[in-house]
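Colleague: Input final33.txt, format and content: compact mmCIF, C-alpha atoms.
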# COMPACT_ATOMS: atom_id res chain seq x y z
CA THR A 1 115.49 152.49 123.25
CA SER A 2 116.39 156.05 122.20
CA SER A 3 119.27 156.04 124.69
CA ALA A 4 119.98 152.31 125.03
CA THR A 5 120.57 151.65 121.33
CA PRO A 6 123.39 154.17 120.81
CA VAL A 7 125.01 153.22 124.13
CA VAL A 8 125.05 149.50 123.32
CA SER A 9 126.14 150.22 119.74
CA GLY A 10 129.08 152.19 121.07
CA VAL A 11 130.06 149.38 123.43
CA ILE A 12 129.91 146.87 120.57
CA ALA A 13 132.11 149.14 118.47
CA LEU A 14 134.70 149.10 121.27
CA MET A 15 134.42 145.30 121.49
CA LEU A 16 135.04 144.94 117.75
CA GLN A 17 137.93 147.36 117.93
CA ALA A 18 139.48 145.14 120.62
CA ASN A 19 138.74 141.95 118.67
CA PRO A 20 137.71 142.32 115.01
CA ASP A 21 137.23 138.54 114.69
CA LEU A 22 134.05 138.54 116.79
CA THR A 23 130.89 137.35 115.03
CA TRP A 24 127.43 138.66 115.88
CA ARG A 25 126.90 135.59 118.06
CA ASP A 26 130.15 136.17 119.92
CA VAL A 27 128.96 139.72 120.58
CA GLN A 28 125.73 138.32 122.02
CA HIS A 29 127.59 135.86 124.24
CA ILE A 30 129.87 138.57 125.56
CA LEU A 31 127.02 140.97 126.30
CA VAL A 32 125.07 138.22 128.07
CA ASN A 33 128.01 137.18 130.21
CA SER A 34 129.33 140.64 131.05
CA ALA A 35 125.95 142.19 131.90
CA GLU A 36 125.43 143.60 135.38
CA LYS A 37 122.16 142.82 137.16
CA ASN A 38 120.25 146.07 137.64
CA ASP A 39 117.16 146.80 139.75
CA PRO A 40 117.68 143.53 141.67
CA SER A 41 114.45 143.89 143.67
CA ASP A 42 112.32 143.82 140.52
CA PRO A 43 110.01 140.76 140.79
CA LEU A 44 110.41 139.86 137.10
CA TRP A 45 113.95 138.51 137.61
CA ASN A 46 114.00 134.78 137.01
CA THR A 47 116.84 132.25 137.16
CA ASN A 48 116.61 129.61 134.45
CA ALA A 49 117.73 125.99 134.72
CA ALA A 50 121.21 126.87 133.41
CA GLY A 51 121.69 129.35 136.28
CA ARG A 52 121.20 132.36 134.02
CA GLU A 53 119.29 135.36 135.45
CA PHE A 54 116.85 137.04 133.07
CA ASN A 55 114.23 139.76 133.30
CA ARG A 56 111.74 140.32 130.50
CA GLN A 57 112.04 144.09 131.04
CA TYR A 58 115.84 144.26 131.39
CA GLY A 59 117.03 141.15 129.58
CA PHE A 60 120.26 139.93 131.18
CA GLY A 61 120.94 143.29 132.81
CA ARG A 62 122.85 146.52 132.32
CA VAL A 63 125.68 146.64 129.76
CA ASP A 64 129.10 146.86 131.42
CA ALA A 65 131.44 148.43 128.86
CA THR A 66 134.67 147.69 130.72
CA ALA A 67 133.81 144.05 131.26
CA ALA A 68 132.54 143.61 127.70
CA VAL A 69 135.74 144.97 126.16
CA ASP A 70 137.85 142.78 128.45
CA PHE A 71 135.79 139.76 127.41
CA ALA A 72 136.29 140.68 123.77
CA THR A 73 140.05 141.01 124.15
CA HIS A 74 140.42 137.44 125.45
CA TRP A 75 137.41 135.83 123.79
CA ILE A 76 137.54 132.40 122.13
CA ASN A 77 134.89 132.35 119.38
CA VAL A 78 131.89 130.11 119.92
CA SER A 79 131.29 127.08 117.72
CA PRO A 80 129.03 127.39 114.64
CA GLU A 81 125.32 127.90 115.15
CA VAL A 82 122.99 124.92 114.90
CA SER A 83 119.19 125.00 114.74
CA SER A 84 116.26 122.62 114.98
CA SER A 85 112.67 123.38 113.94
CA SER A 86 109.38 121.68 114.67
CA PRO A 87 106.51 121.28 112.24
CA PHE A 88 103.37 123.32 112.89
CA ILE A 89 101.49 121.65 115.77
CA ALA A 90 97.79 122.30 115.23
CA SER A 91 95.21 122.48 118.00
CA GLY A 92 92.16 124.73 117.57
CA ALA A 93 91.09 124.22 121.19
CA ALA A 94 88.97 126.92 122.82
CA MET A 95 90.46 129.04 125.59
CA GLY A 96 88.10 129.63 128.50
CA ASP A 97 86.95 133.22 128.94
CA GLY A 98 88.85 135.05 131.66
CA ASN A 99 87.72 137.88 133.92
CA SER A 100 89.65 140.93 135.22
CA GLY A 101 93.06 139.37 134.69
CA VAL A 102 92.11 135.95 136.04
CA PRO A 103 92.51 133.45 133.20
CA GLY A 104 89.83 131.05 132.13
CA THR A 105 90.57 127.41 131.31
CA PRO A 106 93.94 127.38 129.51
CA VAL A 107 94.98 125.43 126.43
CA ASP A 108 98.30 123.56 126.68
CA ILE A 109 100.09 122.20 123.61
CA ASN A 110 103.14 119.97 124.00
CA TYR A 111 106.03 119.31 121.65
CA ASN A 112 108.83 116.80 122.21
CA GLU A 113 112.18 117.99 120.83
CA THR A 114 114.65 115.17 120.10
CA GLU A 115 117.66 117.28 119.07
CA ASN A 116 119.84 118.42 121.95
CA ILE A 117 121.08 121.97 121.41
CA THR A 118 122.53 124.31 124.01
CA ILE A 119 120.07 127.15 123.55
CA GLU A 120 120.84 130.74 122.71
CA SER A 121 117.39 131.74 121.45
CA VAL A 122 113.99 130.17 120.87
CA GLU A 123 111.64 131.39 118.13
CA ILE A 124 107.93 130.63 118.53
CA TYR A 125 105.27 131.08 115.87
CA ILE A 126 101.75 131.31 117.34
CA GLU A 127 98.36 131.19 115.63
CA ALA A 128 95.11 132.07 117.38
CA THR A 129 91.58 133.20 116.58
CA HIS A 130 90.12 135.93 118.81
CA ALA A 131 88.32 139.23 118.48
CA PHE A 132 90.67 140.97 120.96
CA ARG A 133 94.25 139.73 120.94
CA GLY A 134 95.02 141.98 123.92
CA ASP A 135 93.00 139.53 126.04
CA LEU A 136 95.54 136.76 125.46
CA ARG A 137 98.67 135.52 127.22
CA PHE A 138 101.06 132.82 126.02
CA THR A 139 103.70 131.16 128.19
CA LEU A 140 106.40 128.73 127.07
CA THR A 141 107.85 126.19 129.54
CA SER A 142 111.05 124.24 128.86
CA PRO A 143 111.76 120.59 129.74
CA SER A 144 113.93 121.95 132.57
CA GLY A 145 110.97 123.83 134.08
CA THR A 146 111.80 127.42 133.09
CA SER A 147 108.74 129.45 132.04
CA SER A 148 108.86 132.50 129.77
CA GLU A 149 105.86 134.78 129.25
CA ILE A 150 106.35 135.25 125.52
CA TYR A 151 103.16 137.26 124.91
CA SER A 152 101.49 139.33 127.62
CA ALA A 153 97.83 140.34 127.83
CA ARG A 154 97.60 144.10 127.33
CA GLY A 155 93.87 144.62 127.77
CA GLY A 156 92.18 147.74 126.45
CA SER A 157 90.64 148.05 123.04
CA ASP A 158 92.77 145.92 120.73
CA PRO A 159 90.34 144.53 118.16
CA PHE A 160 91.47 141.94 115.67
CA ASP A 161 88.64 140.15 113.92
CA GLY A 162 89.65 136.67 112.84
CA SER A 163 92.75 134.48 112.82
CA PHE A 164 96.22 135.91 113.21
CA GLY A 165 99.75 134.62 113.58
CA TRP A 166 103.00 136.12 114.77
CA THR A 167 106.54 135.08 115.69
CA VAL A 168 108.18 135.97 119.00
CA THR A 169 111.71 135.24 120.24
CA SER A 170 112.72 134.39 123.79
CA MET A 171 116.27 134.55 125.17
CA GLU A 172 115.18 133.40 128.62
CA PHE A 173 116.25 129.79 128.01
CA TRP A 174 119.88 130.73 127.28
CA GLY A 175 122.20 127.83 128.18
CA GLU A 176 119.47 125.22 128.71
CA PRO A 177 119.30 121.99 126.67
CA SER A 178 116.60 121.85 124.01
CA ALA A 179 115.82 118.12 124.22
CA GLY A 180 112.61 117.10 125.95
CA THR A 181 108.98 118.16 126.17
CA TRP A 182 108.14 121.83 125.68
CA THR A 183 104.72 123.20 126.65
CA ILE A 184 103.09 126.38 125.40
CA ARG A 185 100.02 127.62 127.28
CA GLY A 186 97.40 129.94 125.77
CA GLU A 187 95.09 131.86 128.12
CA ASP A 188 92.28 134.42 127.88
CA LEU A 189 92.44 136.90 130.79
CA LEU A 190 89.53 139.26 130.08
CA VAL A 191 85.79 138.70 129.90
CA GLY A 192 83.57 139.19 126.89
CA ASP A 193 85.11 137.35 123.94
CA LEU A 194 86.00 133.74 123.21
CA GLY A 195 88.75 132.40 120.99
CA THR A 196 90.87 129.42 120.06
CA PHE A 197 94.56 128.60 120.27
CA ASP A 198 95.08 127.23 116.77
CA GLY A 199 98.65 125.96 117.11
CA PHE A 200 102.34 126.81 117.13
CA ALA A 201 105.76 125.97 115.72
CA ILE A 202 109.10 126.32 117.49
CA LYS A 203 112.73 126.74 116.45
CA PHE A 204 115.79 126.33 118.66
CA ASN A 205 119.05 128.15 117.92
CA GLY A 206 122.35 127.58 119.69
CA THR A 207 125.40 125.34 119.74
CA GLU A 208 126.14 121.63 119.91
CA PRO A 209 126.55 120.62 123.56
CA VAL A 210 129.97 119.45 124.73
CA ALA A 211 129.70 117.33 127.87
CA GLY A 212 131.73 118.66 130.77
CA GLU A 213 132.91 121.80 128.96
CA PHE A 214 132.54 125.19 130.60
CA ARG A 215 133.57 128.64 129.40
CA VAL A 216 134.67 130.92 132.21
CA SER A 217 135.25 134.65 132.18
CA ILE A 218 138.18 136.04 134.13
CA MET A 219 136.21 139.27 134.71
CA ALA A 220 133.42 137.59 136.66
CA ASP A 221 135.72 136.31 139.39
CA GLU A 222 135.88 138.55 142.44
CA ASN A 223 139.69 138.32 142.33
CA ASN A 224 139.72 139.44 138.68
CA GLY A 225 140.76 136.02 137.48
CA CYS A 226 141.32 132.43 138.50
CA THR A 227 144.54 131.65 140.32
CA GLN A 228 146.41 128.36 140.40
CA GLY A 229 144.74 126.17 143.01
CA GLY A 230 141.14 127.20 142.50
CA CYS A 231 138.59 129.90 141.81
CA SER A 232 134.91 130.73 142.11
CA LEU A 233 132.92 130.18 138.89
CA ARG A 234 129.78 131.99 140.03
CA GLU A 235 128.00 133.75 137.16
CA ALA A 236 131.06 133.27 134.95
CA ILE A 237 129.90 129.85 133.84
CA ILE A 238 128.61 129.45 130.32
CA ALA A 239 127.84 125.75 130.54
CA ALA A 240 127.90 123.80 127.31
CA ASN A 241 126.39 121.13 129.51
CA ALA A 242 124.78 122.78 132.52
CA TYR A 243 124.18 119.57 134.44
CA GLY A 244 126.47 117.28 136.40
CA ASP A 245 130.22 117.46 136.91
CA GLY A 246 132.72 118.71 134.37
CA ALA A 247 136.47 118.34 133.99
CA LEU A 248 137.55 120.79 131.29
CA VAL A 249 137.28 124.52 131.88
CA ILE A 250 138.39 127.00 129.21
CA ILE A 251 139.62 130.30 130.60
CA PRO A 252 140.96 133.18 128.50
CA GLY A 253 144.71 133.03 128.89
CA GLY A 254 144.98 129.39 129.97
CA THR A 255 143.38 125.99 130.44
CA TYR A 256 142.69 124.56 133.88
CA ASN A 257 141.84 120.99 134.79
CA LEU A 258 139.27 121.59 137.48
CA SER A 259 136.81 119.56 139.46
CA ILE A 260 133.36 121.18 139.20
CA ALA A 261 130.84 120.97 142.04
CA GLY A 262 127.34 122.36 141.57
CA THR A 263 125.86 124.34 138.70
CA GLY A 264 124.95 127.92 137.88
CA GLU A 265 125.65 130.53 140.55
CA ASP A 266 126.42 127.87 143.16
CA ALA A 267 129.16 126.20 141.13
CA ALA A 268 132.72 126.24 142.41
CA ALA A 269 135.94 124.77 141.15
CA THR A 270 139.31 123.66 142.45
CA GLY A 271 142.30 122.39 140.51
CA ASP A 272 145.62 123.22 138.92
CA LEU A 273 146.85 125.12 135.89
CA ASP A 274 148.13 122.87 133.09
Can you give me the file's structure in the form of structure tokens?

Modeller:
Amino acid sequence: TSSATPVVSGVIALMLQANPDLTWRDVQHILVNSAEKNDPSDPLWNTNAAGREFNRQYGFGRVDATAAVDFATHWINVSPEVSSSSPFIASGAAMGDGNSGVPGTPVDINYNETENITIESVEIYIEATHAFRGDLRFTLTSPSGTSSEIYSARGGSDPFDGSFGWTVTSMEFWGEPSAGTWTIRGEDLLVGDLGTFDGFAIKFNGTEPVAGEFRVSIMADENNGCTQGGCSLREAIIAANAYGDGALVIIPGGTYNLSIAGTGEDAAATGDLD
């Protein structure tokens, strides 16, 4: 972080110089969509159900200053943030004792979210009782099937006598819909101590979904922009609704009526400039 923080701060300063109207959420969107995938052979890269690649070590990838400033110059601000929070879902079930990194019997807790938000971030508050919190691992799985390891077992001597609670935030579900059944799994990976997964609460932050609407970056196209007649959407898609076909595509500098086939990285579009 000693090098990354000043570098990213400098890039954000350039973005704001290019477009002073950007909010902190617009800055996030631009950084997410202009990032370059680094260390592609790393096994922690995961593609979520919205087609977004994420790595819990690298996030969405390396900051690309040129692309980020170009995004900022042409950016259309995102709609206001909306959120939905669950109550605390209590459990208290015992997690089976693990051994040498192999988990014992896990505890799964489900929560059904009825509000449909296009996710930017998910905040999870976890409570557990265990003598060594470094023995524990917690994984959150979305209704779309994406799993995020939100708390990793560290092992070693990490004593904590009694109950504890903490809040973690995951960006790995960016672009997915919030509605449906979410599952959080608590596991004990090391032998010697037993504990309970006492419960959790969850909060979803993002935007209201707009069916069939896609935001597309001109920088992500291999031809440096969409041309009349068609273009590749590839990683440029920020899907307000990541599923099914869409008709309206918003592109900096113009609006295209396009027919969308596929989703995520496999999506492609053909059509004409209005």

Colleague: Identify, on the basis of all atoms listed in the file, every residue whose closest approach to Glu127 (chain A) does not exceed 7 Å; exclude the query and any residue fewer than 2 positions from it along the same chain; express the result as a PyMOL selection string.

Modeller: chain A and resi 125+164-166+197-200

Colleague: Record the distance separating CA of Val7 (chain A) and CA of Val63 (chain A), expressed in Å with one decimal.

Modeller: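 Going from CA of Val7 (chain A) over to CA of Val63 (chain A), I get 8.7 Å.
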
Colleague: Please return, as a list in words, all polymer residues that have at least one atom within 10 Å of the point (113.6, 132.8, 132.1); use all atoms listed in the file and the file's own coordinate frame.

Modeller: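 Residues with an atom at most 10 Å from (113.6, 132.8, 132.1): Leu44, Trp45, Asn46, Thr47, Asn48, Ala49, Ala50, Gly51, Arg52, Glu53, Phe54, Asn55, Arg56, Gly59, Phe60, Leu140, Thr141, Ser142, Gly145, Thr146, Ser147, Ser148, Glu149, Ser170, Met171, Glu172, Phe173 and Trp174 of chain A.
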
Colleague: So that I have them on file, write out the residues from the current selection with C-alpha atoms, as a short mmCIF file (atom, residue, chain, number, x, y, z; two decimals), in the coordinates of the input.

Modeller:
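out.cif written:
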data_model
loop_
_atom_site.label_atom_id
_atom_site.label_comp_id
_atom_site.auth_asym_id
_atom_site.auth_seq_id
_atom_site.Cartn_x
_atom_site.Cartn_y
_atom_site.Cartn_z
CA LEU A 44 110.41 139.86 137.10
CA TRP A 45 113.95 138.51 137.61
CA ASN A 46 114.00 134.78 137.01
CA THR A 47 116.84 132.25 137.16
CA ASN A 48 116.61 129.61 134.45
CA ALA A 49 117.73 125.99 134.72
CA ALA A 50 121.21 126.87 133.41
CA GLY A 51 121.69 129.35 136.28
CA ARG A 52 121.20 132.36 134.02
CA GLU A 53 119.29 135.36 135.45
CA PHE A 54 116.85 137.04 133.07
CA ASN A 55 114.23 139.76 133.30
CA ARG A 56 111.74 140.32 130.50
CA GLY A 59 117.03 141.15 129.58
CA PHE A 60 120.26 139.93 131.18
CA LEU A 140 106.40 128.73 127.07
CA THR A 141 107.85 126.19 129.54
CA SER A 142 111.05 124.24 128.86
CA GLY A 145 110.97 123.83 134.08
CA THR A 146 111.80 127.42 133.09
CA SER A 147 108.74 129.45 132.04
CA SER A 148 108.86 132.50 129.77
CA GLU A 149 105.86 134.78 129.25
CA SER A 170 112.72 134.39 123.79
CA MET A 171 116.27 134.55 125.17
CA GLU A 172 115.18 133.40 128.62
CA PHE A 173 116.25 129.79 128.01
CA TRP A 174 119.88 130.73 127.28
#

Colleague: Between CA of Glu81 (chain A) and CA of Ile124 (chain A), what is the distance, to one decimal in Å?

Modeller: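 Those two atoms sit 17.9 Å apart.
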
Colleague: Of the candidates A:Ile109, A:Ala65, A:Met15, A:Val32, which shows the shortest atom-to-atom distance to Met95 (chain A), using all atoms listed in the file?

Modeller: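 Result for the nearest residue to Met95 (chain A): A:Ile109.
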
Colleague: Would you mind reading off the distance between CA of Asn116 (chain A) and CA of Val27 (chain A), one decimal, in Å?

Modeller: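 Spanning CA of Asn116 (chain A) to CA of Val27 (chain A) is a straight-line distance of 23.2 Å.
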
Colleague: Would you list the contacts of Val102 (chain A) as a list in words, taking every protein, DNA or RNA residue within 10 Å and counting only C-alpha atoms, but skipping same-chain residues closer than 5 positions in sequence?

Modeller: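 Neighbouring residues, sequence-local ones excluded: Asp97, Glu187, Asp188, Leu189, Leu190 and Val191 of chain A.
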
Colleague: Find the residue from A:Gly186, A:Thr169, A:Thr129, A:Glu123 that sits nearest to Ser86 (chain A); use only C-alpha atoms when measuring.

Modeller: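 The closest residue to Ser86 (chain A) is A:Glu123.
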